[in-house]
Amino acid sequence: VGARGMTVVGDMDWKRSLRSRLAARCAPKKSEQELKGEEMELFTKYYMEWKGGRKNGNTSYMTIPRFYYRLPAEDEVLLQKLREESRAVFLQRRSRELLDNEELQSLWFLLDKHQTSPVIGEEAMINYENFLKVGEKAGPKCKQFFTAKIFTKLLHNDPYGRISIMQFFNYVMRKVWLHQTRIGLSLYDVAGQGYLRESDLENYILELIPTLPQLDGLEKSFYSFYVCTAVRKFFFFLDPLRTGKIKIQDILACSFLDDLLELRDEELSKESQESNWFSAPSALRVYGQYLNLDKDHNGMLSKEELSRYGTGTLTNIFLDRVFQECLTYDGEMDYKTYLDFVLALENRKEPAALQYIFKLLDTQNKGYLNVFSLNYFFRAIQEQMKIHGQEPVSFQDVKDEIFDMVKPKDPYKISLQDLINSSQGDTVTSILIDLNGFWTYENREVLVASDNDNIADVDDT
């Protein structure tokens with residue numbers, strides 16, 4: 001019986017073992033992802049045991065997405081090429097997602113067809129119901145524009161709860177233009193990091209010139225000077241820390257690109273051209289001034305040559321500071337440095353211009369102007385007044401007026417932010433660096449009265 005019983009038990013063990021092997025063979029194989037998951041669980045388990053058995057209840061670290069992607073090194077040519085090609089394909093795909101001229105025209109016809117009565121004035125209106133109908137018919141590219149949020153944003157005081165068709169269409173046009181421009185600028189972003197270097201922006205503007213009818217008259221030999229003049233305005237105002245690069249987002253947010261692309265208008269008025277830094281007359285004016293100042297024709301400006309800038313009344317002390325702080329070559333200024341100087345003096349109300357001038361006035365690099373700083377610069381104004389046969393004005397009076405205008409947080413110190421906040425920065429800097437600016441300030445009441453008399457004379461005629 002014993003031997004027979006042992007035989008039965010042996011048979012059962014053998015059968016059980018056979019069944020388990022067959023089950024293992026028939027079971028579906030685990031995927032590579034499942035195997036990696038099991039491997040990660042085992043690794044975590046053994047790692048925590050090795051660390052002393054401490055258990056971490058926070059498992060969020062396992063779901064943190066990857067956020068850092070190393071840029072290819074200079075010697076990794078293949079990776080760089082792959083990155084450039086993938087960016088180009090991405091930008092092309094984004095470009096195809098935008099509405100083209102035909103699609104915009106179709107959208108306008110749909111909006112016009114679904115305008116909602118009653119007509120008030122000459123402006124066509126549309127209500128929310130018809131707005132949604134147009135959205136359904138306009139196609140997938142337009143879907144992003146037909147939302148309740150955008151409708152509410154454009155909703156004003158219409159008694160019937162409608163929005164202007166023209167306003168909505170202009171909104172769509174502006175959005176499409178912004179995306180097109182962003183893609184166009186991104187094509188010149190060699191680093192692919194969302195900013196343009198000086199050379200990138202130069203290439204963009206150089207290739208833009210043939211598309212701007214207002215620049216048709218420019219000689220090709222002047223192109224490099226024009227590009228330098230145009231690029232300098234972007235970098236002077238949008239790169240105050242002088243990093244050598246500007247975010248594409250900042251370029252789109254400012255008005256400079258609008259001014260530049262305004263030159264596409266073939267019928268741009270003379271006044272608009274003169275006030276537009278990027279126009280041909282403006283660029284030729286600035287470069288012509290530079291050539292006129294360059295008396296020895298060496299392509300650079302000395303301090304003596306720069307002293308004749310404008311009305312020729314900038315003080316010597318201020319000019320000394322310009323050549324101490326700004327980039328020069330053997331003590332002379334090149335065209336690019338001159339452009340910064342011109343942009344600062346022609347835009348004294350702007351924070352970037354005030355920052356430029358403030359740095360020159362802050363001789364001790366303390367971050368503020370005190371009575372000593374003001375007196376240091378105003379003495380040069382007093383000396384010029386004597387030379388022109390005028391009775392010098394008391395510094396004490398001017399100092400009190402400056403502090404009254406600025407109203408700084410510290411009654412003894414004027415910071416750059418104080419100047420900007422006061423909205424009097426242009427007046428204060430003019431008083432300190434330019435005899436003509438000081439004379440204009442001193443005689444402001446006489447000048448206003450004279451202007452009023454002239455206006456009255458015109459009215460009488």
# chains A, B, ... in the order shown; residues from 1 in each chain; ligands from 1
$ select_by_dssp --residues "region 121-319 of chain A" --states "alpha helix (DSSP H)" --output "number ranges by chain"
A: 128-138, 148-154, 165-186, 198-208, 223-238, 248-253, 256-261, 270-275, 280-293, 303-306, 316-319
$ atom_distance --atom1 "CA of Phe222 (chain A)" --atom2 "CA of Glu350 (chain A)"
28.7 Å
$ residues_around --residues "region 396-413 of chain A" --least-positions-apart "6" --cutoff "7 Å" --atoms "only C-alpha atoms" --output "list in words"
Tyr368, Leu369, Asn370, Leu419, Ser422, Gln424 and Val428 of chain A
$ closest_residue --among "A:Leu435, A:Glu74, A:Glu85, A:Tyr309" --to "Gln390 (chain A)" --atoms "only C-alpha atoms"
A:Leu435
$ closest_residue --among "A:Tyr195, A:Phe169, A:Phe145, A:Tyr338" --to "Cys228 (chain A)" --atoms "only C-alpha atoms"
A:Tyr338
$ select_by_dssp --residues "region 332-400 of chain A" --states "strand (DSSP E or B)" --output "list of chain:residue names"
A:Glu332, A:Met333, A:Tyr368, A:Leu369
$ atom_distance --atom1 "CA of Lys386 (chain A)" --atom2 "CA of Trp439 (chain A)"
13.1 Å
